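Q: Compact mmCIF, C-alpha atoms, file protein30.txt:
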# COMPACT_ATOMS: atom_id res chain seq x y z
CA MET T 1 -36.79 8.13 12.31
CA ASN T 2 -38.51 7.37 15.59
CA SER T 3 -37.27 5.39 18.60
CA ASN T 4 -37.98 5.09 22.30
CA PHE T 5 -36.07 6.25 25.36
CA VAL T 6 -36.72 5.77 29.10
CA THR T 7 -37.21 8.71 31.45
CA LYS T 8 -36.21 8.80 35.11
CA ASN T 9 -39.73 7.70 36.02
CA ASN T 10 -39.29 4.67 33.75
CA ARG T 11 -41.97 5.92 31.37
CA VAL T 12 -41.37 5.03 27.74
CA MET T 13 -41.38 8.20 25.66
CA ARG T 14 -41.29 8.62 21.91
CA SER T 15 -37.92 9.92 20.65
CA THR T 16 -38.05 11.95 17.45
CA PHE T 17 -35.08 12.29 15.11
CA ARG T 18 -34.85 14.06 11.79
CA VAL T 19 -32.27 15.49 9.40
CA LEU T 20 -33.34 18.23 6.99
CA PHE T 21 -31.43 20.16 4.35
CA TYR T 22 -32.06 23.74 3.27
CA THR T 23 -30.27 26.58 1.47
CA LYS T 24 -28.87 29.80 2.91
CA ASN T 25 -30.37 32.12 0.32
CA ARG T 26 -28.95 35.32 1.82
CA ALA T 27 -25.45 34.05 1.02
CA ILE T 28 -26.12 33.69 -2.73
CA LYS T 29 -23.05 34.13 -4.95
CA ASN T 30 -22.96 33.78 -8.72
CA GLY T 31 -26.40 32.21 -8.58
CA ARG T 32 -25.29 29.48 -6.14
CA VAL T 33 -26.24 29.12 -2.49
CA PRO T 34 -24.65 27.10 0.34
CA ILE T 35 -26.52 24.04 1.61
CA MET T 36 -27.16 23.75 5.32
CA GLY T 37 -28.34 20.84 7.45
CA ARG T 38 -30.44 20.70 10.59
CA ILE T 39 -30.59 17.84 13.10
CA THR T 40 -33.63 17.71 15.39
CA VAL T 41 -33.91 15.32 18.32
CA ASN T 42 -36.64 15.49 20.99
CA GLY T 43 -37.25 19.21 20.48
CA THR T 44 -33.54 20.10 20.36
CA ALA T 45 -31.90 21.32 17.15
CA ALA T 46 -28.40 21.74 15.74
CA SER T 47 -27.59 23.37 12.41
CA PHE T 48 -24.47 22.82 10.36
CA SER T 49 -22.92 23.54 6.98
CA CYS T 50 -22.86 20.69 4.47
CA LYS T 51 -19.85 22.34 2.78
CA ARG T 52 -21.63 22.16 -0.55
CA ASP T 53 -23.45 24.64 -2.74
CA VAL T 54 -26.11 24.42 -5.45
CA PRO T 55 -27.63 26.71 -8.10
CA LEU T 56 -30.63 28.32 -6.45
CA ALA T 57 -32.82 27.35 -9.41
CA LEU T 58 -31.87 23.68 -8.93
CA TRP T 59 -32.96 23.44 -5.28
CA ASP T 60 -36.33 21.97 -4.29
CA ALA T 61 -37.17 23.66 -0.98
CA ARG T 62 -40.16 21.42 -0.30
CA GLY T 63 -38.29 18.20 -1.04
CA ASN T 64 -35.08 19.26 0.76
CA CYS T 65 -33.04 18.10 -2.23
CA ALA T 66 -31.89 19.05 -5.70
CA LYS T 67 -34.54 18.68 -8.37
CA GLY T 68 -34.31 17.12 -11.76
CA LYS T 69 -32.19 14.28 -13.14
CA SER T 70 -29.07 16.15 -14.16
CA GLU T 71 -25.65 14.74 -13.24
CA GLU T 72 -25.13 17.52 -10.68
CA ALA T 73 -28.53 16.87 -9.07
CA ARG T 74 -27.97 13.12 -8.83
CA ARG T 75 -24.48 13.55 -7.38
CA LEU T 76 -25.58 16.15 -4.86
CA ASN T 77 -28.59 14.14 -3.67
CA GLN T 78 -26.41 11.07 -3.22
CA GLU T 79 -23.94 13.07 -1.12
CA LEU T 80 -26.75 14.47 1.03
CA GLU T 81 -28.16 10.97 1.55
CA ASN T 82 -24.68 9.84 2.66
CA ILE T 83 -24.55 12.68 5.19
CA LYS T 84 -28.00 11.75 6.48
CA ALA T 85 -27.01 8.08 6.76
CA GLN T 86 -23.83 8.89 8.69
CA ILE T 87 -25.69 11.15 11.10
CA GLY T 88 -28.29 8.42 11.55
CA LYS T 89 -25.62 5.93 12.59
CA HIS T 90 -24.33 8.29 15.27
CA TYR T 91 -27.86 8.91 16.51
CA GLN T 92 -28.47 5.18 16.76
CA TYR T 93 -25.21 4.69 18.66
CA LEU T 94 -26.18 7.36 21.18
CA THR T 95 -29.67 5.91 21.69
CA ASP T 96 -28.03 2.55 22.44
CA HIS T 97 -25.43 3.95 24.86
CA ASP T 98 -26.84 7.15 26.39
CA THR T 99 -29.89 7.86 28.56
CA PHE T 100 -30.44 11.27 27.00
CA VAL T 101 -29.88 12.14 23.36
CA SER T 102 -29.82 15.69 22.02
CA ALA T 103 -29.21 17.16 18.59
CA LYS T 104 -25.91 18.66 19.76
CA LYS T 105 -24.68 15.27 20.98
CA VAL T 106 -25.48 13.76 17.59
CA TYR T 107 -23.81 16.66 15.80
CA ASP T 108 -20.70 16.38 17.99
CA ARG T 109 -20.36 12.67 17.28
CA TYR T 110 -20.83 13.25 13.57
CA ASN T 111 -18.02 15.82 13.59
CA GLY T 112 -15.72 13.61 15.63
CA PHE T 113 -15.80 15.73 18.76
CA GLY T 114 -15.38 14.17 22.18
CA GLU T 115 -12.56 12.40 23.99
CA ASP T 116 -13.87 8.92 23.21
CA ILE T 117 -14.20 9.55 19.47
CA HIS T 118 -11.30 8.80 17.14
CA SER T 119 -11.01 9.31 13.41
CA LEU T 120 -9.70 7.51 10.35
CA MET T 121 -7.03 10.06 9.43
CA GLU T 122 -5.97 10.25 13.07
CA ILE T 123 -4.96 6.59 13.23
CA PHE T 124 -3.49 6.81 9.70
CA ASN T 125 -1.31 9.76 10.76
CA ILE T 126 -0.16 7.91 13.88
CA GLN T 127 1.14 5.06 11.72
CA ILE T 128 2.84 7.48 9.31
CA GLN T 129 4.71 9.09 12.18
CA ASP T 130 5.66 5.64 13.49
CA TYR T 131 7.01 4.64 10.06
CA LYS T 132 8.93 7.92 9.81
CA ARG T 133 10.75 7.14 13.06
CA GLN T 134 11.66 3.68 11.75
CA VAL T 135 13.10 4.77 8.38
CA GLY T 136 16.64 3.43 8.12
CA LYS T 137 16.04 1.04 11.01
CA THR T 138 13.19 -1.38 10.34
CA LYS T 139 11.51 0.48 7.44
CA ALA T 140 12.82 1.59 4.06
CA GLN T 141 12.33 5.17 2.83
CA SER T 142 10.31 3.79 -0.10
CA THR T 143 7.92 2.03 2.29
CA TYR T 144 7.38 5.24 4.23
CA GLN T 145 6.84 7.20 1.00
CA GLY T 146 4.33 4.60 -0.16
CA LEU T 147 2.30 5.05 3.03
CA LEU T 148 2.38 8.83 2.52
CA ASP T 149 1.02 8.39 -1.02
CA GLU T 150 -1.82 6.24 0.32
CA TYR T 151 -2.63 8.87 2.96
CA LYS T 152 -2.84 11.57 0.27
CA CYS T 153 -5.06 9.38 -1.91
CA LEU T 154 -7.50 8.79 0.94
CA SER T 155 -7.48 12.50 1.79
CA HIS T 156 -8.43 13.34 -1.82
CA TYR T 157 -11.29 10.84 -1.65
CA LEU T 158 -12.71 12.30 1.55
CA LYS T 159 -12.69 15.81 0.07
CA ASP T 160 -13.94 14.74 -3.36
CA LYS T 161 -16.78 12.43 -2.35
CA LEU T 162 -17.67 13.42 1.22
CA GLY T 163 -16.58 17.04 1.34
CA ALA T 164 -14.72 16.28 4.56
CA GLU T 165 -11.14 16.19 5.80
CA ASP T 166 -11.73 13.28 8.16
CA VAL T 167 -14.42 10.85 9.34
CA PRO T 168 -14.99 9.23 12.75
CA LEU T 169 -14.02 5.57 12.96
CA MET T 170 -17.47 4.77 14.34
CA SER T 171 -19.08 5.94 11.08
CA LEU T 172 -17.14 3.53 8.85
CA ASP T 173 -18.86 0.57 7.24
CA VAL T 174 -18.46 -1.75 4.27
CA ASP T 175 -20.07 0.81 1.94
CA PHE T 176 -17.26 3.26 2.73
CA ILE T 177 -14.50 0.90 1.62
CA LYS T 178 -16.53 -0.28 -1.38
CA ASN T 179 -17.07 3.30 -2.58
CA TYR T 180 -13.41 4.15 -1.96
CA TYR T 181 -12.27 1.13 -3.98
CA ASN T 182 -14.54 2.01 -6.91
CA TRP T 183 -13.41 5.66 -6.76
CA MET T 184 -9.76 4.62 -6.95
CA LEU T 185 -10.46 2.55 -10.07
CA SER T 186 -12.75 5.01 -11.85
CA VAL T 187 -11.81 8.55 -10.79
CA ARG T 188 -8.12 8.05 -9.99
CA GLY T 189 -7.56 5.41 -12.66
CA LEU T 190 -5.43 3.21 -10.41
CA ALA T 191 -4.58 -0.36 -11.27
CA LYS T 192 -6.53 -3.05 -9.42
CA SER T 193 -3.32 -4.19 -7.75
CA THR T 194 -2.73 -0.69 -6.34
CA ALA T 195 -6.34 -0.31 -5.19
CA PHE T 196 -6.15 -3.76 -3.61
CA GLU T 197 -3.04 -2.80 -1.62
CA ARG T 198 -4.64 0.45 -0.41
CA VAL T 199 -7.76 -1.40 0.69
CA ASN T 200 -5.53 -3.77 2.66
CA THR T 201 -3.82 -0.79 4.31
CA LEU T 202 -7.19 0.46 5.59
CA LYS T 203 -8.06 -3.04 6.80
CA TRP T 204 -4.75 -3.12 8.68
CA LEU T 205 -5.53 0.27 10.25
CA MET T 206 -8.90 -1.02 11.44
CA TYR T 207 -7.21 -3.94 13.22
CA LEU T 208 -4.93 -1.43 14.93
CA ALA T 209 -7.96 0.63 15.95
CA MET T 210 -9.54 -2.49 17.42
CA ASP T 211 -6.35 -3.21 19.36
CA GLU T 212 -6.57 0.32 20.81
CA GLY T 213 -10.20 -0.25 21.78
CA TRP T 214 -11.33 2.63 19.54
CA ILE T 215 -13.76 0.38 17.66
CA HIS T 216 -15.21 -2.98 18.62
CA LYS T 217 -16.01 -4.40 15.19
CA HIS T 218 -13.97 -4.40 11.97
CA PRO T 219 -16.04 -2.32 9.50
CA PHE T 220 -14.32 -3.59 6.33
CA LYS T 221 -13.95 -7.28 7.14
CA LYS T 222 -16.59 -8.48 4.68
CA PHE T 223 -15.25 -6.49 1.72
CA THR T 224 -13.04 -8.42 -0.70
CA CYS T 225 -11.35 -7.52 -3.98
CA LYS T 226 -8.74 -9.10 -6.21
CA PRO T 227 -5.40 -7.52 -7.16
CA GLU T 228 -4.99 -8.78 -10.75
CA TYR T 229 -1.29 -7.98 -10.83
CA LYS T 230 0.28 -7.23 -14.19
CA LYS T 231 2.49 -9.90 -15.65
CA ARG T 232 6.05 -9.28 -14.52
CA PRO T 233 8.63 -9.09 -17.32
CA PHE T 234 11.60 -11.43 -17.39
CA LEU T 235 14.32 -12.46 -19.81
CA SER T 236 14.13 -15.67 -21.78
CA GLU T 237 17.22 -17.87 -21.74
CA GLU T 238 18.06 -16.59 -25.21
CA ASP T 239 17.78 -12.93 -24.16
CA LEU T 240 19.84 -13.59 -21.03
CA GLN T 241 22.64 -15.13 -23.10
CA ARG T 242 22.53 -12.13 -25.46
CA VAL T 243 23.03 -9.75 -22.52
CA ILE T 244 25.92 -11.86 -21.21
CA SER T 245 27.63 -12.00 -24.61
CA VAL T 246 27.04 -8.49 -25.97
CA LYS T 247 30.23 -6.52 -26.65
CA LEU T 248 30.37 -3.26 -24.69
CA SER T 249 32.95 -0.49 -25.20
CA TYR T 250 32.87 1.22 -21.81
CA LYS T 251 34.01 -0.27 -18.51
CA ARG T 252 31.12 1.29 -16.59
CA GLN T 253 28.62 -0.28 -18.98
CA GLN T 254 30.38 -3.61 -18.59
CA ALA T 255 30.16 -3.31 -14.81
CA ILE T 256 26.46 -2.51 -14.94
CA ARG T 257 25.88 -5.47 -17.26
CA ASP T 258 27.82 -7.73 -14.89
CA MET T 259 25.80 -6.55 -11.88
CA PHE T 260 22.56 -7.15 -13.76
CA VAL T 261 23.68 -10.66 -14.69
CA PHE T 262 24.52 -11.29 -11.04
CA MET T 263 20.95 -10.25 -10.14
CA CYS T 264 19.64 -12.70 -12.73
CA PHE T 265 21.53 -15.54 -11.01
CA SER T 266 21.04 -14.50 -7.39
CA GLY T 267 17.57 -12.94 -7.21
CA LEU T 268 18.80 -9.81 -5.42
CA ALA T 269 16.99 -6.51 -5.95
CA HIS T 270 18.94 -3.32 -6.70
CA ALA T 271 18.78 -2.10 -3.09
CA ASP T 272 20.04 -5.47 -1.81
CA LEU T 273 22.86 -5.53 -4.36
CA LYS T 274 23.91 -2.03 -3.32
CA GLU T 275 24.16 -3.06 0.33
CA LEU T 276 25.88 -6.40 -0.37
CA THR T 277 29.20 -6.68 1.48
CA TYR T 278 31.73 -9.47 1.83
CA ARG T 279 30.23 -10.18 5.25
CA ASN T 280 27.19 -11.49 3.38
CA VAL T 281 29.34 -13.93 1.35
CA HIS T 282 30.03 -17.30 3.00
CA THR T 283 31.86 -20.42 1.85
CA ASP T 284 30.78 -23.79 3.26
CA SER T 285 33.00 -26.84 3.91
CA ASP T 286 32.41 -28.10 0.35
CA GLY T 287 33.57 -24.85 -1.22
CA ASN T 288 30.07 -23.65 -2.18
CA ILE T 289 29.44 -19.88 -2.06
CA TRP T 290 26.35 -18.62 -0.20
CA LEU T 291 24.79 -15.21 0.25
CA VAL T 292 23.09 -14.65 3.61
CA GLY T 293 21.44 -11.36 4.52
CA ASN T 294 18.26 -9.38 4.98
CA ARG T 295 16.38 -7.50 2.28
CA VAL T 296 16.59 -3.73 2.53
CA LYS T 297 12.92 -3.17 1.69
CA THR T 298 11.27 -5.63 4.08
CA LYS T 299 14.15 -6.81 6.29
CA ALA T 300 13.16 -10.34 5.27
CA ALA T 301 15.94 -12.93 5.41
CA TYR T 302 17.32 -14.31 2.16
CA VAL T 303 19.67 -17.25 1.62
CA VAL T 304 21.15 -17.92 -1.84
CA LYS T 305 23.48 -20.72 -2.86
CA LEU T 306 25.31 -19.19 -5.81
CA LEU T 307 25.64 -20.76 -9.22
CA PRO T 308 29.16 -20.75 -10.76
CA ILE T 309 28.55 -17.69 -12.96
CA ALA T 310 27.44 -15.59 -9.95
CA ALA T 311 30.40 -16.75 -7.83
CA GLU T 312 32.76 -15.87 -10.69
CA LEU T 313 31.35 -12.33 -10.84
CA ILE T 314 32.05 -11.81 -7.13
CA GLU T 315 35.69 -12.71 -7.70
CA ARG T 316 35.86 -10.48 -10.78
CA TYR T 317 35.21 -7.39 -8.64
CA ARG T 318 37.17 -8.37 -5.56
CA GLY T 319 39.78 -5.68 -4.98
CA VAL T 320 38.33 -3.41 -7.70
CA ASN T 321 37.23 -0.41 -5.64
CA GLU T 322 36.43 2.14 -8.36
CA PHE T 323 32.80 3.38 -8.02
CA LYS T 324 32.30 1.31 -4.84
CA VAL T 325 30.79 3.10 -1.85
CA SER T 326 33.41 1.40 0.33
CA PRO T 327 35.99 -1.40 -0.15
CA ASP T 328 33.83 -3.89 1.78
CA ARG T 329 31.06 -3.67 -0.87
CA VAL T 330 31.00 -6.50 -3.39
CA PHE T 331 29.92 -4.45 -6.43
CA PRO T 332 30.26 -0.81 -7.61
CA VAL T 333 26.51 -0.13 -7.50
CA GLY T 334 25.28 3.36 -8.37
CA ASP T 335 21.81 4.86 -8.10
CA VAL T 336 18.90 2.96 -9.60
CA GLY T 337 18.09 5.67 -12.15
CA SER T 338 21.47 5.60 -13.87
CA MET T 339 21.44 1.80 -13.82
CA GLU T 340 18.02 1.76 -15.49
CA SER T 341 19.21 4.11 -18.24
CA SER T 342 22.32 2.05 -18.93
CA LEU T 343 20.43 -1.25 -18.91
CA LYS T 344 17.93 0.12 -21.41
CA ARG T 345 20.75 0.86 -23.84
CA ILE T 346 22.48 -2.45 -23.13
CA GLY T 347 19.25 -4.36 -23.76
CA GLU T 348 18.70 -2.54 -27.04
CA LYS T 349 22.27 -3.25 -28.15
CA ALA T 350 21.88 -6.93 -27.22
CA GLY T 351 18.61 -7.13 -29.16
CA CYS T 352 16.51 -8.24 -26.18
CA SER T 353 12.79 -8.73 -26.72
CA VAL T 354 12.13 -7.26 -23.24
CA ARG T 355 13.19 -3.86 -21.93
CA ILE T 356 15.58 -4.71 -19.13
CA SER T 357 15.67 -2.96 -15.77
CA PRO T 358 17.17 -3.84 -12.36
CA HIS T 359 14.01 -5.60 -11.18
CA VAL T 360 13.81 -7.65 -14.39
CA GLY T 361 16.94 -9.40 -13.09
CA ARG T 362 15.10 -10.54 -9.96
CA HIS T 363 12.10 -11.67 -12.01
CA THR T 364 14.40 -13.54 -14.38
CA PHE T 365 16.03 -15.46 -11.54
CA ALA T 366 12.65 -16.45 -10.08
CA THR T 367 11.30 -17.59 -13.43
CA LEU T 368 14.49 -19.48 -14.34
CA ALA T 369 14.56 -21.21 -10.95
CA LEU T 370 10.94 -22.35 -11.16
CA THR T 371 11.21 -23.57 -14.75
CA LYS T 372 14.29 -25.61 -13.84
CA GLY T 373 12.53 -27.37 -10.99
CA MET T 374 13.20 -25.35 -7.83
CA PRO T 375 10.18 -25.80 -5.50
CA LEU T 376 8.20 -22.68 -4.69
CA GLU T 377 8.80 -22.96 -0.94
CA THR T 378 12.56 -23.01 -1.54
CA LEU T 379 12.37 -20.05 -3.91
CA GLN T 380 10.48 -18.06 -1.26
CA LYS T 381 13.38 -18.54 1.13
CA VAL T 382 15.94 -17.67 -1.51
CA LEU T 383 14.11 -14.46 -2.45
CA GLY T 384 13.31 -13.49 1.13
CA HIS T 385 9.57 -13.28 0.67
CA LYS T 386 8.81 -14.24 4.29
CA THR T 387 8.55 -11.93 7.30
CA ILE T 388 11.69 -10.82 9.12
CA ILE T 389 13.60 -13.83 10.45
CA SER T 390 15.91 -13.59 13.41
CA THR T 391 19.56 -14.57 13.29
CA GLN T 392 18.87 -17.78 15.17
CA VAL T 393 16.69 -19.05 12.34
CA TYR T 394 19.42 -18.71 9.71
CA ALA T 395 20.66 -22.19 10.59
CA GLU T 396 17.22 -23.57 9.78
CA LEU T 397 17.09 -21.71 6.47
CA VAL T 398 20.53 -22.89 5.36
CA ASN T 399 19.55 -26.53 5.23
CA PRO T 400 20.44 -29.41 2.90
CA LYS T 401 17.14 -28.99 1.03
CA ILE T 402 18.11 -25.56 -0.35
CA GLY T 403 21.53 -26.87 -1.32
CA GLU T 404 20.05 -29.96 -2.98
CA ASP T 405 17.47 -27.96 -4.91
CA THR T 406 20.12 -25.51 -6.11
CA ASP T 407 22.39 -28.42 -7.07
CA ARG T 408 19.63 -29.78 -9.33
CA MET T 409 19.36 -26.33 -10.91
CA ARG T 410 23.17 -26.23 -11.24
CA GLU T 411 23.19 -29.57 -13.09
CA LYS T 412 20.71 -28.24 -15.63
CA ILE T 413 22.14 -24.76 -16.30
CA GLY T 414 25.51 -24.63 -14.49
CA GLY T 415 27.50 -24.88 -17.71
CA MET T 416 24.97 -23.25 -20.01
CA PHE T 417 26.10 -19.64 -19.49
CA ARG T 418 29.62 -18.24 -19.76
CA LEU T 419 30.91 -14.77 -19.06
CA ALA T 420 32.27 -12.83 -21.99
CA ASN T 421 36.01 -12.19 -21.98
Show how you would write the structure in this file as structure tokens.
A:
Amino acid sequence: MNSNFVTKNNRVMRSTFRVLFYTKNRAIKNGRVPIMGRITVNGTAASFSCKRDVPLALWDARGNCAKGKSEEARRLNQELENIKAQIGKHYQYLTDHDTFVSAKKVYDRYNGFGEDIHSLMEIFNIQIQDYKRQVGKTKAQSTYQGLLDEYKCLSHYLKDKLGAEDVPLMSLDVDFIKNYYNWMLSVRGLAKSTAFERVNTLKWLMYLAMDEGWIHKHPFKKFTCKPEYKKRPFLSEEDLQRVISVKLSYKRQQAIRDMFVFMCFSGLAHADLKELTYRNVHTDSDGNIWLVGNRVKTKAAYVVKLLPIAAELIERYRGVNEFKVSPDRVFPVGDVGSMESSLKRIGEKAGCSVRISPHVGRHTFATLALTKGMPLETLQKVLGHKTIISTQVYAELVNPKIGEDTDRMREKIGGMFRLAN
């Protein structure tokens, strides 16, 4: 690659830039030799390790690459081309912003050295630490753990495909995110929905980097992919009635069944049910029972006008404190694992066509509400799918429209289901 630079005497000089690869034959081990790189710029040179090795017989010294068409040769040559391309980007940046460019300056930028250079894993780690401080306050433990899993996945990719532990933010481009997405699908075998979410996390990090002034252009903005979420399971009306009516011998099983049924008619997730207290239960002037609170996972506000069967279940457990964390809790909710195990057996005994789990209750409510005519925008408010809403907005959420929509649902299914004696 050639380009021009201006000297102090304003004379235009030819700038030379080159990246070569060679092997360190004196360090041969088991027939393999380490691959080195050399950057040359305007008579200056900087050598570095590519952190890769190759069988000595496979290396083409004249071509500076692996020879042949074997899988190893193709993979290695692609990785070397990626290294060369990344170094080239840093060289171009320096020629655009510096009056003198040397091989060492290019090498330092490539390795992320320098006070003005920030890296991808650096900003990722900053957000992880921020989430860790917010666990139990504005973030759930599961959200923090999810971010940790994404960090580990990205770290594996950098080591597997680039042979690096980190990359400078300035080196990122749309090819990076495209290759990462394809790697997640092919090598890691992740679902498209999971890969989609991890791509969005990196896009979010790039916006944060722009806010910090670490980069000036979003490198992944033009990359798009689709989640293709799996179909979420839910109970049919027939299966739901079977669960309600099934005869159970043990009180604890009966309680778990009742809590699941409540989830089917309220839309609460397991974590929300576990945190539900009588402070979340409100009665309006017409005697209607409402649940008002914030989701544990996202802190999003939810507002639910209860159907008769759900209101009856609240009364059934009022004053029954066995297995409750504290007397102010509405239900005796245990850990999610034991609830899942019990629900599996209950579903089998009831002859359900779907394996039931705590989250199936939430899906069932959403599906039942939509099929009975509840508008999507109302359901979003009931389920708490919006961003965190302040206390002052609760009055706007609890409006006649939600009550009217729930009343229409009540008219259609209010008397359809009955608790077993």
Q: Near region 276-290 of chain T, counting all atoms listed in the file, which residues have an atom at most 9 Å away, once you skip same-chain residues fewer than 6 positions from it, shown as a JSON list (two decimals) with C-alpha atoms, in the frame of the given file?
A:
[["chain", "number", "residue", "atom", "x", "y", "z"],
["T", 303, "VAL", "CA", 19.67, -17.25, 1.62],
["T", 304, "VAL", "CA", 21.15, -17.92, -1.84],
["T", 305, "LYS", "CA", 23.48, -20.72, -2.86],
["T", 306, "LEU", "CA", 25.31, -19.19, -5.81],
["T", 307, "LEU", "CA", 25.64, -20.76, -9.22],
["T", 308, "PRO", "CA", 29.16, -20.75, -10.76],
["T", 311, "ALA", "CA", 30.40, -16.75, -7.83],
["T", 327, "PRO", "CA", 35.99, -1.40, -0.15],
["T", 328, "ASP", "CA", 33.83, -3.89, 1.78],
["T", 329, "ARG", "CA", 31.06, -3.67, -0.87],
["T", 330, "VAL", "CA", 31.00, -6.50, -3.39],
["T", 331, "PHE", "CA", 29.92, -4.45, -6.43]]
Q: Any idea what's packed within 12 Å of Ser245 (chain T), counting only C-alpha atoms, ignoring anything in its chain fewer than 6 positions away? Could you give it as a PyMOL selection string?
A: chain T and resi 238-239+254+257-258+261+346-347+349-352+417-421
Q: Within 10 Å of region 67-72 of chain T, counting only C-alpha atoms, which residues qualify if same-chain residues fewer than 5 places away don't, as a PyMOL selection string?
A: chain T and resi 54-55+57-61+77-78
Q: Report, in Å with one decimal, the straight-line distance from CA of Phe323 (chain T) to CA of Pro233 (chain T).
A: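 Separation between CA of Phe323 (chain T) and CA of Pro233 (chain T): 28.7 Å.
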Q: For a test of reading the model, state the distance in Å between CA of His218 (chain T) and CA of Thr194 (chain T), rounded to one decimal.
A: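 Distance between the two atoms: 21.8 Å.
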Q: Please report the interatomic distance between CA of Arg198 (chain T) and CA of Ala300 (chain T) in Å with one decimal.
A: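 If I compute the distance from CA of Arg198 (chain T) to CA of Ala300 (chain T), I get 21.6 Å.
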Q: From the options T:Phe176, T:Tyr151, T:Tyr93, T:Tyr110, which residue's atoms come nearest to Ile126 (chain T), counting only C-alpha atoms?
A: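 Selected residue with least distance to Ile126 (chain T): T:Tyr151.
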Q: Using all atoms listed in the file, pick whichever of T:Ala310, T:Met409, T:Met36, T:Leu169 has the shortest atom-to-atom distance to Ile215 (chain T).
A: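 Of the candidates, the smallest distance to Ile215 (chain T) is held by T:Leu169.
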Q: Find the residue from T:Ile117, T:Leu162, T:Met184, T:Leu76 that sits nearest to Gly213 (chain T); use all atoms listed in the file when measuring.
A: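 So, comparing all the options, the nearest one is T:Ile117.
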Q: Restricting the calculation to all atoms listed in the file: of T:Ser171, T:Gln241, T:Asn64, T:Ser266, which residue gets closest to Arg362 (chain T)?
A: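 Closest to Arg362 (chain T), using all atoms listed in the file: T:Ser266.
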Q: For region 87-92 of chain T, find every residue with an atom within 12 Å (counting all atoms listed in the file), except residues of its own chain fewer than 2 positions away, and show them as a ChimeraX atom specification.
A: /T:1-5,15-20,37-42,46,48,50,80-85,94-98,100-113,117,167-173
Q: Using all heavy atoms, give me region 75-79 of chain T from the structure I just pasted, as a compact mmCIF listing (two decimals), in the first residue's frame.
A:
# COMPACT_ATOMS: atom_id res chain seq x y z
N ARG T 75 -8.02 -21.74 6.25
CA ARG T 75 -8.36 -21.04 7.49
C ARG T 75 -7.23 -20.11 7.92
O ARG T 75 -7.47 -18.95 8.29
CB ARG T 75 -8.64 -22.07 8.59
CG ARG T 75 -8.94 -21.45 9.97
CD ARG T 75 -9.14 -22.53 11.02
NE ARG T 75 -8.00 -23.40 11.12
CZ ARG T 75 -6.87 -23.11 11.76
NH1 ARG T 75 -6.74 -21.93 12.36
NH2 ARG T 75 -5.86 -23.97 11.81
N LEU T 76 -6.00 -20.62 7.86
CA LEU T 76 -4.86 -19.82 8.29
C LEU T 76 -4.68 -18.59 7.40
O LEU T 76 -4.46 -17.47 7.89
CB LEU T 76 -3.60 -20.67 8.27
CG LEU T 76 -2.30 -19.97 8.70
CD1 LEU T 76 -2.43 -19.41 10.11
CD2 LEU T 76 -1.13 -20.92 8.60
N ASN T 77 -4.79 -18.77 6.09
CA ASN T 77 -4.62 -17.63 5.17
C ASN T 77 -5.70 -16.58 5.37
O ASN T 77 -5.44 -15.37 5.26
CB ASN T 77 -4.60 -18.12 3.72
CG ASN T 77 -3.33 -18.85 3.37
OD1 ASN T 77 -2.29 -18.64 4.00
ND2 ASN T 77 -3.39 -19.73 2.38
N GLN T 78 -6.91 -17.02 5.69
CA GLN T 78 -7.99 -16.07 5.96
C GLN T 78 -7.69 -15.27 7.22
O GLN T 78 -7.91 -14.06 7.27
CB GLN T 78 -9.32 -16.81 6.10
CG GLN T 78 -10.50 -15.87 6.33
CD GLN T 78 -11.82 -16.61 6.47
OE1 GLN T 78 -11.86 -17.83 6.51
NE2 GLN T 78 -12.90 -15.87 6.54
N GLU T 79 -7.17 -15.95 8.25
CA GLU T 79 -6.85 -15.26 9.50
C GLU T 79 -5.71 -14.25 9.29
O GLU T 79 -5.74 -13.15 9.83
CB GLU T 79 -6.46 -16.28 10.57
CG GLU T 79 -7.64 -17.14 11.03
CD GLU T 79 -7.22 -18.25 11.98
OE1 GLU T 79 -5.99 -18.41 12.18
OE2 GLU T 79 -8.10 -18.96 12.50
